[in-house]
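A short worksheet on the structure shown next.
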Amino acid sequence: MIRRHSPLLIVFAAACTDETLSPAPEPTNGSYQVAHGWPAFTEGELLGQCSGVGIEADGSVLVFRRAGKDWNGGPIEPDMITEPTVLRFDPDTGELLGSFGAADFAMPHGLTVDSRGHIWLTDVELQQVFELDAAGTILRSFGERGIAGADESHFNMPTDVAVADDGTFYVSDGYGNGRVLKFAASGELLGTWGQLGAEPGQFITPHGIALGPDGNVYVADRGNARVQSFSPDGAFIAQWKSEELGRPWSIAFGPDGSAFVVDGGDQPPRGPDRARILIADESGTVISSFASFGNQDGELIRPHDIAVADDGSVYVVEVGVGKRAQKFVP
């Protein structure tokens with residue numbers, strides 16, 4: 001259950017445990033195909049590592065990218081990224097419609113679009129969560145800039161945000177703290193749950209967070225290679241953990257209520273690795289999968305985040321060698 005949070009020692013959790021999972025089976029669903037040529041970027045222009053993706057009400061696709069600044073674990077340089085970090089693409093043509101976020105972020109991570117059209121971003125170097133309007137103006141920020149912590153007013157490398165229709169929002173926090181924080185729409189902290197560990201309700205790198213069609217909170221607990229579900233008040237419900245599910249990095253829900261889970265793999269020193277998208281039912285049973293490890297169109301290396309449109313199109317972004325945003329269509 002949610003509890004009021006008292007100050008704790010700050011502990012940095014490893015991105016993954018020592019557990020190495022088995023290689024991925026072949027994709028089981030050939031109905032999802034990559035949309036070649038999406039996005040329609042000028043030849044020679046590079047996105048950089050793409051860490052977050054979301055879909056606006058009109059279908060436009062937002063990509064949170066790191067431009068020329070990479071992060072593959074370890075210390076992060078504190079300098080701000082001078083290029084625009086949020087790019088808006090046409091969902092059909094892939095045309096670049098606009099951009100913003102230049103000099104606002106130091107290490108982009110998660111992106112969420114809420115039901116009002118506001119954009120929520122996390123920055124693991126600035127140690128903050130941001131709410132922006134659709135034009136890219138920062139409306140509110142949470143956490144103390146550049147200062148990590150485990151109390152009620154700090155984060156330690158927050159990873160993602162999930163927002164309910166009533167404005168209540170949840171933050172997965174993160175690489176340093178193994179917890180979820182629940183806030184009222186006003187920004188008041190309502191409580192937290194979780195701590196570092198492998199037991200039910202504990203986390204090692206809660207990397208992605210989403211609200212399911214049942215209203216429950218789903219967390220991609222990357223270090224523990226599982227998805228955990230909770231009631232809106234933080235009561236543990238279940239965990240999804242299996243060889244078929246792999247190591248979940250992110251989770252989103254499709255228009256029919258199916259869960260789309262990113263298995264980003266174990267990050268071994270050399271490939272191949274697992275890199276695929278799984279479709280699961282309400283119990284976490286994998287129904288089908290698509291994509292595989294590689295640098296060709298339709299393949300993935302370290303897929304980081306996922307968004308599913310109302311028409312069933314799936315958008316996936318990578319922080320691996322390809323540094324891409326890709327669209328898959330059913």
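Every chain in the structure tokens has a letter given in the order shown (A, B, ...), and although residue numbers restart at 1 in each chain, ligands are simply numbered from 1 in the order shown.
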Practice item. Enumerate the residues of stretch 118-168 of chain A with a DSSP assignment of strand (DSSP E), computed from the backbone, and present them as a list in words. Key: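 Of stretch 118-168 of chain A, the ones in strand (DSSP E) are Ile119, Trp120, Leu121, Thr122, Asp123, Gln128, Val129, Phe130, Glu131, Leu132, Ile138, Leu139, Arg140, Ser141, Phe142, Pro158, Thr159, Asp160, Val161, Ala162 and Val163 of chain A.
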Exercise for review: Excluding A:Pro248 and residues on its chain fewer than 6 positions from it, collect all residues at most 7 Å away from it, counting only C-alpha atoms, and give them as a list in words.
Suggested key: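 Answer for this query is Ala220, Asp221, Arg222, Ala225, Arg226, Val227, Val261, Val262, Asp263 and Gly264 of chain A.
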**Study point:** 12 Å contact set for stretch 66-83 of chain A, only C-alpha atoms, chain neighbours under 3 positions out, as a PyMOL selection string
**Key:** chain A and resi 12-16+45-52+63+86-87+99-110+123-127+145-147+157+175+267+269+302+317-321+323-324
Once you count only C-alpha atoms, what closest atom pair and distance in Å to one decimal does each residue of stretch 198-256 of chain A within 12 Å of stretch 166-169 of chain A have, with rows by chain and rising residue number, as CSV?
residue,atom,partner,partner_atom,distance
A:Ile209,CA,A:Phe169,CA,10.5
A:Ala210,CA,A:Phe169,CA,10.1
A:Leu211,CA,A:Phe169,CA,9.7
A:Gly215,CA,A:Asp166,CA,11.6
A:Val217,CA,A:Phe169,CA,10.4
A:Pro232,CA,A:Thr168,CA,9.7
A:Asp233,CA,A:Thr168,CA,11.2
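Taking atom CA of A:Phe130 as the reference point, atom CA of A:Ile204 is found at 23.2 Å.
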